[in-house]
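**Student:** This is the structure I have questions about; it appears just below.
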Amino acid sequence: LGKIMWEKCGMARNEKGLKEAMVEIKELREDFYKNVSVPGTANELNAELEKIFESAENRIILISPYIKLHDRYKSSLLTKLQNDKLEITVLFGKNEDDLSKSMKQEDFDFFKQFPNIEIRYEKRLHAKYYANETKAILTSMNLYGFSQNNNIEAGVLMESSIKGSFTGENELDNNSWDYFRVVLEQSELLFEQKPVFEKKNLLSSRKYVKSEILVDKLSDFFKNVSYKKVYKKKEQ
């Protein structure tokens with residue numbers, strides 16, 4: 001819906017685009033009621049999110065303004081620690097003057113364990129979206145322990161299938177991913193770590209050797225934050 005509004009109903013709108021938007025919104029509404037799945041309780045929402053982590057093979061996307069990982073989510077993610085082919089992308093936001101209010105060093109240190117990960121920042125971020133290569137949840141819930149334990153939250157579960165590629169049932173999931181892919185591309189890259197592989201000959205498979213940090217703006221940031229806190233205490 002956001003994509004339609006942006007492309008057809010924005011500042012540069014015209015009669016043709018508005019008419020197309022009316023048709024597309026009607027189709028989107030029909031698709032929503034036909035294919036959407038809404039987990040019924042907070043526990044079900046948490047369970048579906050854990051399934052997204054545990055069933056991922058190639059990709060995990062975590063988009064949340066605030067990140068403070070619940071222990072149960074850490075446990076689910078740790079099952080993927082040895083999967084060097086799994087790409088994890090984390091996007092957080094808000095608190096431009098102090099990023100540590102949106103992500104703590106503890107969570108940064110946790111994410112750094114994974115061999116293939118990037119962490120990004122978008123100050124305007126308000127949306128929450130969690131996905132792997134076949135499932136996605138668009139939700140009101142931050143990836144924040146307090147939210148999981150105390151808030152009344154809701155989420156929309158979208159699943160892709162081979163059949164859906166031909167019937168159009170995957171359209172909602174595909175459109176959501178297209179939108180958030182653009183959001184990710186336009187965000188600031190703060191940390192990137194990629195796996196390094198070794199291949200002995202043409203017939204052998206690649207062997208994971210180590211991970212290499214390509215971008216790291218967060219380590220220095222958290223060191224400075226820690227220093228300022230210690231320095232402040234000494235002054236007092």
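The chains in the structure tokens are called A, B, ... from first to last as shown; in each chain the residues are counted from 1, and the ligands are counted from 1 in the order shown.
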DSSP says helix (DSSP H, G or I) for which residues of region 76-200 of chain A? Put them as a VMD selection string?
**Tutor:** chain A and resid 76 to 78 99 to 101 105 to 111 145 to 150 162 to 167 171 to 186
**Student:** If you run DSSP over the backbone, which residues in region 22-112 of chain A end up strand (DSSP E)? Put them as an NGL selection string.
**Tutor:** :A and (59-63 or 67-68 or 87-93)
**Student:** Please report as a Markdown table every residue of region 124-152 of chain A lying within 8 Å of region 64-81 of chain A, along with the nearest atom pair and their distance in Å (one decimal), using only C-alpha atoms.
**Tutor:**
| residue | atom | partner | partner_atom | distance |
| --- | --- | --- | --- | --- |
| A:Leu125 | CA | A:Pro65 | CA | 5.7 |
| A:His126 | CA | A:Pro65 | CA | 5.8 |
| A:Ala127 | CA | A:Ser64 | CA | 6.5 |
| A:Lys128 | CA | A:Ser64 | CA | 4.7 |
| A:Tyr129 | CA | A:Ser64 | CA | 6.8 |
| A:Asn142 | CA | A:Ser64 | CA | 5.4 |
| A:Leu143 | CA | A:Ile67 | CA | 5.0 |
| A:Tyr144 | CA | A:Lys68 | CA | 4.4 |
| A:Gly145 | CA | A:His70 | CA | 4.6 |
| A:Gln148 | CA | A:His70 | CA | 7.8 |
**Student:** Which value, in Å to one decimal, gives the distance between CA of Lys200 (chain A) and CA of Glu212 (chain A)?
**Tutor:**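 Between CA of Lys200 (chain A) and CA of Glu212 (chain A) the gap works out to 19.5 Å.
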**Student:** Choose the residue, out of A:Ile61, A:Cys9, A:Leu190, A:Met158, that has the smallest atom-to-atom separation from Asp216 (chain A); count only C-alpha atoms.
**Tutor:**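 The shortest atom-to-atom distance to Asp216 (chain A) comes from A:Leu190.
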**Student:** Please indicate the distance in Å from CA of Leu218 (chain A) to CA of Arg124 (chain A), rounded to one decimal place.
**Tutor:**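 Computing the Euclidean distance for CA of Leu218 (chain A) and CA of Arg124 (chain A) yields 18.8 Å.
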**Student:** Please produce, as a Markdown table, a per-residue contact table for region 103-166 of chain A versus region 173-185 of chain A (criterion: any atom at most 8 Å away, only C-alpha atoms considered), showing the nearest atom pair and its distance in Å to one decimal, sorted by chain then residue number.
**Tutor:**
| residue | atom | partner | partner_atom | distance |
| --- | --- | --- | --- | --- |
| A:Arg120 | CA | A:Leu184 | CA | 7.5 |
| A:Lys135 | CA | A:Asp173 | CA | 7.9 |
| A:Ala136 | CA | A:Asp173 | CA | 7.1 |
| A:Met158 | CA | A:Asp173 | CA | 5.7 |
| A:Glu159 | CA | A:Asp173 | CA | 6.8 |
| A:Ser160 | CA | A:Asp173 | CA | 6.8 |
**Student:** Any chance you could export the current selection's N, CA and C atoms as a PDB file, in the first residue's frame?
**Tutor:**
ATOM      1  N   ARG A 120      22.519  -1.779   9.819  1.00  0.00           N
ATOM      2  CA  ARG A 120      22.244  -0.500   9.170  1.00  0.00           C
ATOM      3  C   ARG A 120      21.406   0.400  10.073  1.00  0.00           C
ATOM      4  N   LYS A 135       9.160 -16.469   4.519  1.00  0.00           N
ATOM      5  CA  LYS A 135       8.142 -15.928   5.419  1.00  0.00           C
ATOM      6  C   LYS A 135       8.508 -14.520   5.855  1.00  0.00           C
ATOM      7  N   ALA A 136       7.481 -13.736   6.184  1.00  0.00           N
ATOM      8  CA  ALA A 136       7.726 -12.385   6.707  1.00  0.00           C
ATOM      9  C   ALA A 136       6.604 -11.998   7.646  1.00  0.00           C
ATOM     10  N   MET A 158       3.102 -13.353   6.353  1.00  0.00           N
ATOM     11  CA  MET A 158       3.014 -13.582   4.900  1.00  0.00           C
ATOM     12  C   MET A 158       3.952 -14.717   4.539  1.00  0.00           C
ATOM     13  N   GLU A 159       3.480 -15.651   3.711  1.00  0.00           N
ATOM     14  CA  GLU A 159       4.299 -16.790   3.297  1.00  0.00           C
ATOM     15  C   GLU A 159       4.328 -16.893   1.784  1.00  0.00           C
ATOM     16  N   SER A 160       5.498 -17.204   1.245  1.00  0.00           N
ATOM     17  CA  SER A 160       5.658 -17.408  -0.196  1.00  0.00           C
ATOM     18  C   SER A 160       5.742 -18.895  -0.495  1.00  0.00           C
TER      19      SER A 160
END
**Student:** For Leu91 (chain A), find every residue with an atom within 6 Å (counting only C-alpha atoms), except residues of its own chain fewer than 4 positions away, and show them as a list in words.
**Tutor:** Ile63, Ile119, Arg120 and Tyr121 of chain A
**Student:** Which distance in Å separates CA of Lys194 (chain A) and CA of Ala56 (chain A), to one decimal?
**Tutor:**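 Between CA of Lys194 (chain A) and CA of Ala56 (chain A) the gap is 17.8 Å.
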**Student:** Please provide the set of residues having any atom within 10 Å of Glu20 (chain A), restricted to only C-alpha atoms, with same-chain residues fewer than 4 positions apart removed, written as an mmCIF file with C-alpha atoms, in the first residue's frame.
**Tutor:**
data_model
loop_
_atom_site.group_PDB
_atom_site.id
_atom_site.type_symbol
_atom_site.label_atom_id
_atom_site.label_comp_id
_atom_site.auth_asym_id
_atom_site.auth_seq_id
_atom_site.Cartn_x
_atom_site.Cartn_y
_atom_site.Cartn_z
ATOM 1 C CA ILE A 4 1.216 2.433 -4.390
ATOM 2 C CA LYS A 8 0.768 6.954 -7.793
ATOM 3 C CA CYS A 9 -0.598 9.389 -5.195
ATOM 4 C CA GLU A 15 -5.317 11.473 -13.269
ATOM 5 C CA LYS A 16 -3.932 8.331 -14.925
ATOM 6 C CA GLU A 24 -4.402 -1.598 -7.471
ATOM 7 C CA ILE A 25 -5.649 -0.759 -3.959
#
**Student:** For Val156 (chain A), which residue out of A:Leu214, A:Phe92, A:Glu133, A:Glu48 is the nearest one, using only C-alpha atoms?
**Tutor:**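 Ranking A:Leu214, A:Phe92, A:Glu133, A:Glu48 by distance to Val156 (chain A), first place goes to A:Glu48.
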**Student:** For each of A:Ala47, A:Met11, A:Met141, A:Ile117, take the minimum atom-to-atom distance to Phe191 (chain A), counting only C-alpha atoms, then give the residue where this is smallest.
**Tutor:**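 Ranked by minimum distance to Phe191 (chain A), first place goes to A:Ile117.
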**Student:** Between A:Asp109, A:Glu192, A:Glu54, A:Asp84, which one has atoms that come closest to Lys210 (chain A), using only C-alpha atoms?
**Tutor:** A:Asp84
